[in-house]
Amino acid sequence: MPTVKSLEDLKKIREEALKKREIKSAPGSVQIVVGMGTPGIAAGARETLKEILNFIEEKSLTNITVRQTGNIGRDSWEPIVQVVIGDEPAVTYGKVTPAAARQIMEQHVVGGKVVNDYVIPA
Amino acid sequence: MKEIALHLLDLAENSVSAGAKTVKINVCEDQNADLLTASIEDDGRGMTPEMVKMVTDPFVTSRTTRKVGLGIPLFKAAAEACGGNLSIHSTPGVGTRIQVSFQHSHIDRMPLGNLPATFLGLSVAHPEIHWVFRYTARANGTEEPFEYDDQPIKETLDGLPITHPEVLAYLRNMLEEGIGAAQQILKE
């Protein structure tokens with residue numbers, strides 16, 4: 001089992017992050033929630049979440065919290081993703097394919113501009 | 001849902017909803033015994049026998065007071081169509097264990113699917129839960145196990161967010177390489 005060596009690698013990542021002051025006690029300033037109830041999963045929510053995590057990894061984004069939650073109750077809009085930036089009101093997106101997720105990450109999470117095409121009408 | 005991994009994700013969400021603190025998922029591809037088995041075990045609030053019956057066969061119970069999804073019945077039907085079965089053992093206040101099996105070589109068996117993506121999502125996006133994932137491959141009389149227990153990982157992080165990009169890369173590689181390496185012994 002390579003686990004012991006692996007934890008050493010993780011400690012190094014932590015030390016590097018500490019030097020760059022990336023450790024904060026407060027939760028991340030961006031919160032992303034992906035609906036992962038049965039309808040969400042059936043509609044492809046796992047691929048949506050995977051794309052969001054890949055984007056964070058690829059663009060080295062910090063201060064983002066990602067959560068998955070149970071059934072949201074708006075089945076026809078799945079996969080559903082909610083984005084909250086700082087004190088701004090939550091924006092709920094529907095039919096978030098991996099490509100849509102990438103667009104939301106680029107334009108809203110990084111660029112600060114809501115992607116109206118995918119916003120679920122209230 | 002077209003992957004066993006997606007059904008396991010669905011079951012894992014049920015465990016989270018049931019208030020579990022620790023969830024263990026085991027997957028075993030056993031070509032020696034021609035079996036693919038999976039189990040999920042949680043310490044959530046559990047179910048009464050009546051509830052177990054309802055989530056397994058929602059159309060044969062008269063009770064209509066609670067909305068029940070079709071995730072488990074469909075997974076059960078898929079297993080039974082492939083020479084396997086699905087069973088639920090649950091104790092109120094203690095937890096639930098669901099076991100499923102398929103004939104590994106069955107022509108209609110759904111693919112295992114993307115286990116690393118499923119496990120990474122659960123571990124990262126439900127950080128309050130202690131996840132233990134095991135994958136075992138058996139073929140030609142040998143066995144290759146892989147285990148991912150996120151408790152020591154989270155202890156090591158010690159304040160560093162699990163969504164830190166380098167941590168994500170580390171966890172993703174660990175899952176992809178670990179499960180991929182174990183799967184090497186399986187025959188096509």
# chains A, B, ... in the order shown; residues from 1 in each chain; ligands from 1

$ closest_atom_pairs --of "chain A" --to "chain B" --cutoff "7 Å" --atoms "only C-alpha atoms" --output "Markdown table"
| residue | atom | partner | partner_atom | distance |
| --- | --- | --- | --- | --- |
| A:Leu7 | CA | B:Ile153 | CA | 6.9 |
| A:Lys11 | CA | B:Thr156 | CA | 6.4 |
| A:Ile13 | CA | B:Glu166 | CA | 6.9 |
| A:Arg14 | CA | B:Leu157 | CA | 6.5 |
| A:Ile23 | CA | B:Leu160 | CA | 5.1 |
| A:Lys24 | CA | B:Gly159 | CA | 6.9 |
| A:Ser25 | CA | B:Gly159 | CA | 6.6 |
| A:Gly37 | CA | B:Asp10 | CA | 6.7 |
| A:Thr38 | CA | B:Asp10 | CA | 5.9 |
| A:Ile41 | CA | B:Leu6 | CA | 6.9 |
| A:Ala42 | CA | B:Met1 | CA | 5.4 |
| A:Arg46 | CA | B:Thr118 | CA | 7.0 |
| A:Leu49 | CA | B:Gly121 | CA | 6.9 |
| A:Lys50 | CA | B:Ala117 | CA | 6.5 |
| A:Ile56 | CA | B:Pro165 | CA | 5.8 |
| A:Glu57 | CA | B:Pro165 | CA | 4.2 |
| A:Ser60 | CA | B:Pro165 | CA | 5.1 |
| A:Leu61 | CA | B:Pro165 | CA | 6.3 |
| A:Thr62 | CA | B:His164 | CA | 5.7 |
| A:Ile64 | CA | B:Thr163 | CA | 6.7 |
| A:Thr65 | CA | B:Thr163 | CA | 6.4 |
| A:Val66 | CA | B:Ala125 | CA | 5.4 |
| A:Arg67 | CA | B:Ala125 | CA | 4.0 |
| A:Gln68 | CA | B:Ala125 | CA | 5.2 |
| A:Gly70 | CA | B:Glu13 | CA | 6.5 |

$ write_last_selection --atoms "N, CA and C atoms" --output "tab-separated table (two decimals), in the first residue's frame"
chain	number	residue	atom	x	y	z
A	7	LEU	N	0.71	10.26	2.11
A	7	LEU	CA	0.41	11.29	3.10
A	7	LEU	C	1.56	12.27	3.24
A	11	LYS	N	1.41	16.29	2.92
A	11	LYS	CA	2.00	17.24	3.89
A	11	LYS	C	2.81	18.31	3.17
A	13	ILE	N	2.26	19.40	0.11
A	13	ILE	CA	1.29	20.31	-0.51
A	13	ILE	C	0.81	21.33	0.53
A	14	ARG	N	0.56	20.82	1.74
A	14	ARG	CA	0.07	21.69	2.81
A	14	ARG	C	1.11	22.76	3.19
A	23	ILE	N	-4.14	28.97	3.58
A	23	ILE	CA	-4.97	28.32	4.59
A	23	ILE	C	-5.73	29.37	5.39
A	24	LYS	N	-7.02	29.26	5.37
A	24	LYS	CA	-7.85	30.21	6.12
A	24	LYS	C	-8.84	29.43	6.95
A	25	SER	N	-9.21	30.00	8.08
A	25	SER	CA	-10.18	29.31	8.91
A	25	SER	C	-11.60	29.55	8.39
A	37	GLY	N	-29.30	14.45	-6.10
A	37	GLY	CA	-30.37	13.49	-5.82
A	37	GLY	C	-30.50	12.55	-7.01
A	38	THR	N	-31.40	11.58	-6.92
A	38	THR	CA	-31.56	10.61	-8.02
A	38	THR	C	-31.80	11.30	-9.37
A	41	ILE	N	-28.49	12.87	-10.59
A	41	ILE	CA	-27.51	11.87	-11.04
A	41	ILE	C	-27.91	11.33	-12.41
A	42	ALA	N	-29.22	11.02	-12.56
A	42	ALA	CA	-29.71	10.47	-13.82
A	42	ALA	C	-29.51	11.46	-14.97
A	46	ARG	N	-23.06	14.01	-11.94
A	46	ARG	CA	-21.69	13.62	-11.56
A	46	ARG	C	-20.68	14.19	-12.55
A	49	LEU	N	-20.24	17.88	-11.78
A	49	LEU	CA	-19.36	18.07	-10.62
A	49	LEU	C	-17.90	17.81	-11.00
A	50	LYS	N	-17.69	16.76	-11.78
A	50	LYS	CA	-16.34	16.40	-12.21
A	50	LYS	C	-15.71	17.55	-13.00
A	56	ILE	N	-11.30	23.76	-11.34
A	56	ILE	CA	-10.59	24.30	-10.18
A	56	ILE	C	-9.12	23.85	-10.20
A	57	GLU	N	-8.95	22.57	-10.53
A	57	GLU	CA	-7.60	21.99	-10.57
A	57	GLU	C	-6.78	22.63	-11.70
A	60	SER	N	-6.07	26.32	-11.10
A	60	SER	CA	-5.49	26.58	-9.77
A	60	SER	C	-6.29	27.62	-8.98
A	61	LEU	N	-7.58	27.43	-8.91
A	61	LEU	CA	-8.44	28.36	-8.17
A	61	LEU	C	-8.47	27.97	-6.69
A	62	THR	N	-8.41	28.98	-5.82
A	62	THR	CA	-8.52	28.70	-4.39
A	62	THR	C	-9.74	29.41	-3.82
A	64	ILE	N	-12.63	28.17	-2.97
A	64	ILE	CA	-13.92	27.71	-3.48
A	64	ILE	C	-14.33	26.48	-2.67
A	65	THR	N	-15.56	26.50	-2.19
A	65	THR	CA	-16.10	25.34	-1.50
A	65	THR	C	-17.09	24.67	-2.45
A	66	VAL	N	-16.97	23.36	-2.59
A	66	VAL	CA	-17.89	22.63	-3.46
A	66	VAL	C	-18.65	21.62	-2.62
A	67	ARG	N	-19.97	21.61	-2.78
A	67	ARG	CA	-20.79	20.68	-2.02
A	67	ARG	C	-21.74	19.96	-2.96
A	68	GLN	N	-22.16	18.78	-2.55
A	68	GLN	CA	-23.27	18.19	-3.28
A	68	GLN	C	-24.41	17.98	-2.30
A	70	GLY	N	-28.82	16.71	-1.77
A	70	GLY	CA	-29.85	15.80	-2.24
A	70	GLY	C	-30.82	16.44	-3.20

$ residues_around --residues "stretch 46-59 of chain B" --least-positions-apart "5" --cutoff "12 Å" --atoms "only C-alpha atoms" --output "PDB file with C-alpha atoms, in the first residue's frame"
ATOM      1  CA  LEU B  11     -27.182   5.078  -2.469  1.00  0.00           C
ATOM      2  CA  ASN B  14     -29.302   8.249   0.801  1.00  0.00           C
ATOM      3  CA  SER B  15     -26.739   7.472   3.514  1.00  0.00           C
ATOM      4  CA  VAL B  16     -25.885  11.170   3.771  1.00  0.00           C
ATOM      5  CA  SER B  17     -29.606  12.042   4.019  1.00  0.00           C
ATOM      6  CA  ALA B  18     -29.929   9.423   6.765  1.00  0.00           C
ATOM      7  CA  GLY B  19     -27.445  11.391   8.858  1.00  0.00           C
ATOM      8  CA  ALA B  20     -24.522   8.981   8.531  1.00  0.00           C
ATOM      9  CA  GLU B  41     -22.635   0.490   4.811  1.00  0.00           C
ATOM     10  CA  THR B  64     -48.422   6.400   0.462  1.00  0.00           C
ATOM     11  CA  THR B  65     -47.448   8.899   3.123  1.00  0.00           C
ATOM     12  CA  ARG B  66     -43.810   9.118   2.125  1.00  0.00           C
ATOM     13  CA  LYS B  67     -42.357   9.802  -1.265  1.00  0.00           C
ATOM     14  CA  VAL B  68     -39.981   7.048  -2.288  1.00  0.00           C
ATOM     15  CA  GLY B  69     -37.634   7.126  -5.267  1.00  0.00           C
ATOM     16  CA  LEU B  70     -37.079   4.376  -7.774  1.00  0.00           C
ATOM     17  CA  GLY B  71     -33.313   4.220  -7.443  1.00  0.00           C
ATOM     18  CA  ILE B  72     -33.194   1.037  -5.351  1.00  0.00           C
ATOM     19  CA  PRO B  73     -35.937  -0.920  -7.184  1.00  0.00           C
ATOM     20  CA  LEU B  74     -34.274  -0.234 -10.543  1.00  0.00           C
ATOM     21  CA  PHE B  75     -30.846  -1.239  -9.243  1.00  0.00           C
ATOM     22  CA  LYS B  76     -32.366  -4.414  -7.774  1.00  0.00           C
ATOM     23  CA  ALA B  77     -34.104  -5.259 -11.050  1.00  0.00           C
ATOM     24  CA  ASN B  85     -29.520  -9.788  -6.275  1.00  0.00           C
ATOM     25  CA  LEU B  86     -29.816  -6.811  -3.956  1.00  0.00           C
ATOM     26  CA  SER B  87     -30.414  -7.050  -0.234  1.00  0.00           C
ATOM     27  CA  ILE B  88     -30.872  -4.478   2.503  1.00  0.00           C
ATOM     28  CA  HIS B  89     -30.079  -4.995   6.168  1.00  0.00           C
ATOM     29  CA  SER B  90     -31.110  -2.083   8.302  1.00  0.00           C
ATOM     30  CA  THR B  91     -31.569  -1.426  11.997  1.00  0.00           C
ATOM     31  CA  PRO B  92     -33.232   1.768  13.209  1.00  0.00           C
ATOM     32  CA  GLY B  93     -30.713   3.840  15.145  1.00  0.00           C
ATOM     33  CA  VAL B  94     -27.774   1.728  14.001  1.00  0.00           C
ATOM     34  CA  GLY B  95     -27.460   1.982  10.251  1.00  0.00           C
ATOM     35  CA  THR B  96     -28.015   0.376   6.892  1.00  0.00           C
ATOM     36  CA  ARG B  97     -26.071  -2.044   4.756  1.00  0.00           C
ATOM     37  CA  ILE B  98     -27.012  -2.642   1.137  1.00  0.00           C
TER      38      ILE B  98
END

$ residues_around --residues "A:Tyr93" --least-positions-apart "6" --cutoff "10 Å" --atoms "only C-alpha atoms" --output "list in words"
Val34, Trp77, Glu78, Pro79, Ile80, Val81, Gln82, Val83, Ala100, Ala101, Ile104, Val114, Val115, Asn116, Asp117, Tyr118, Val119, Ile120 and Pro121 of chain A

$ select_by_dssp --residues "stretch 27-169 of chain B" --states "strand (DSSP E or B)" --output "PyMOL selection string"
chain B and resi 27-30+35-42+86-91+95-103+130-139+142-149

$ write_last_selection --atoms "C-alpha atoms" --output "compact mmCIF listing (two decimals), in the first residue's frame"
# COMPACT_ATOMS: atom_id res chain seq x y z
CA VAL B 27 -16.62 -2.88 -4.75
CA CYS B 28 -15.20 -6.22 -5.82
CA GLU B 29 -14.71 -7.47 -9.34
CA ASP B 30 -14.08 -11.17 -8.96
CA LEU B 35 -19.07 -12.01 -9.65
CA LEU B 36 -19.24 -8.25 -9.36
CA THR B 37 -20.32 -7.30 -5.86
CA ALA B 38 -20.76 -3.96 -4.17
CA SER B 39 -21.89 -2.91 -0.75
CA ILE B 40 -22.53 0.32 1.07
CA GLU B 41 -22.64 0.49 4.81
CA ASP B 42 -23.58 3.51 6.90
CA LEU B 86 -29.82 -6.81 -3.96
CA SER B 87 -30.41 -7.05 -0.23
CA ILE B 88 -30.87 -4.48 2.50
CA HIS B 89 -30.08 -4.99 6.17
CA SER B 90 -31.11 -2.08 8.30
CA THR B 91 -31.57 -1.43 12.00
CA GLY B 95 -27.46 1.98 10.25
CA THR B 96 -28.01 0.38 6.89
CA ARG B 97 -26.07 -2.04 4.76
CA ILE B 98 -27.01 -2.64 1.14
CA GLN B 99 -25.40 -5.40 -0.86
CA VAL B 100 -25.69 -6.00 -4.56
CA SER B 101 -24.27 -8.64 -6.87
CA PHE B 102 -24.11 -9.27 -10.59
CA GLN B 103 -22.76 -12.12 -12.68
CA HIS B 130 -15.83 9.96 6.88
CA TRP B 131 -15.60 7.96 3.65
CA VAL B 132 -13.93 4.59 3.25
CA PHE B 133 -13.77 3.24 -0.30
CA ARG B 134 -12.45 -0.20 -1.15
CA TYR B 135 -11.97 -1.68 -4.56
CA THR B 136 -10.74 -5.24 -5.04
CA ALA B 137 -9.96 -7.04 -8.28
CA ARG B 138 -9.63 -10.82 -8.32
CA ALA B 139 -8.47 -12.84 -11.32
CA THR B 142 -4.70 -13.41 -7.29
CA GLU B 143 -6.12 -10.35 -5.60
CA GLU B 144 -5.36 -6.63 -5.91
CA PRO B 145 -6.93 -4.46 -3.22
CA PHE B 146 -7.14 -0.67 -3.11
CA GLU B 147 -8.33 1.36 -0.18
CA TYR B 148 -9.09 5.05 0.21
CA ASP B 149 -9.86 6.18 3.74

$ atom_distance --atom1 "atom CA of A:Gly111" --atom2 "atom CA of A:Thr97"
19.3 Å

$ closest_residue --among "A:Lys59, A:Ala43, A:Glu8, A:Ala122" --to "A:Lys95" --atoms "only C-alpha atoms"
A:Ala43

$ decode --residues "stretch 110-123 of chain B" --atoms "N, CA and C atoms" --output "tab-separated table (two decimals), in the first residue's frame"
chain	number	residue	atom	x	y	z
B	110	MET	N	-24.66	-3.87	-16.53
B	110	MET	CA	-24.24	-2.50	-16.79
B	110	MET	C	-22.77	-2.36	-16.40
B	111	PRO	N	-22.06	-1.44	-17.07
B	111	PRO	CA	-20.63	-1.28	-16.73
B	111	PRO	C	-20.45	-0.76	-15.31
B	112	LEU	N	-19.30	-1.04	-14.75
B	112	LEU	CA	-18.99	-0.53	-13.41
B	112	LEU	C	-19.01	1.00	-13.45
B	113	GLY	N	-18.47	1.59	-14.52
B	113	GLY	CA	-18.50	3.04	-14.65
B	113	GLY	C	-17.35	3.71	-13.92
B	114	ASN	N	-17.45	5.01	-13.81
B	114	ASN	CA	-16.34	5.81	-13.30
B	114	ASN	C	-16.33	5.89	-11.76
B	115	LEU	N	-15.69	4.89	-11.15
B	115	LEU	CA	-15.59	4.87	-9.68
B	115	LEU	C	-14.75	6.02	-9.14
B	116	PRO	N	-13.57	6.33	-9.76
B	116	PRO	CA	-12.78	7.43	-9.21
B	116	PRO	C	-13.55	8.75	-9.15
B	117	ALA	N	-14.30	9.09	-10.20
B	117	ALA	CA	-15.06	10.36	-10.21
B	117	ALA	C	-16.15	10.34	-9.15
B	118	THR	N	-16.78	9.18	-8.98
B	118	THR	CA	-17.83	9.04	-7.98
B	118	THR	C	-17.26	9.24	-6.57
B	119	PHE	N	-16.15	8.57	-6.31
B	119	PHE	CA	-15.53	8.62	-4.98
B	119	PHE	C	-14.96	10.02	-4.70
B	120	LEU	N	-14.32	10.62	-5.70
B	120	LEU	CA	-13.74	11.95	-5.50
B	120	LEU	C	-14.84	12.95	-5.16
B	121	GLY	N	-15.94	12.90	-5.91
B	121	GLY	CA	-17.06	13.82	-5.66
B	121	GLY	C	-17.59	13.67	-4.25
B	122	LEU	N	-17.79	12.44	-3.81
B	122	LEU	CA	-18.34	12.21	-2.47
B	122	LEU	C	-17.39	12.74	-1.39
B	123	SER	N	-16.12	12.42	-1.54
B	123	SER	CA	-15.14	12.78	-0.51
B	123	SER	C	-14.95	14.30	-0.43
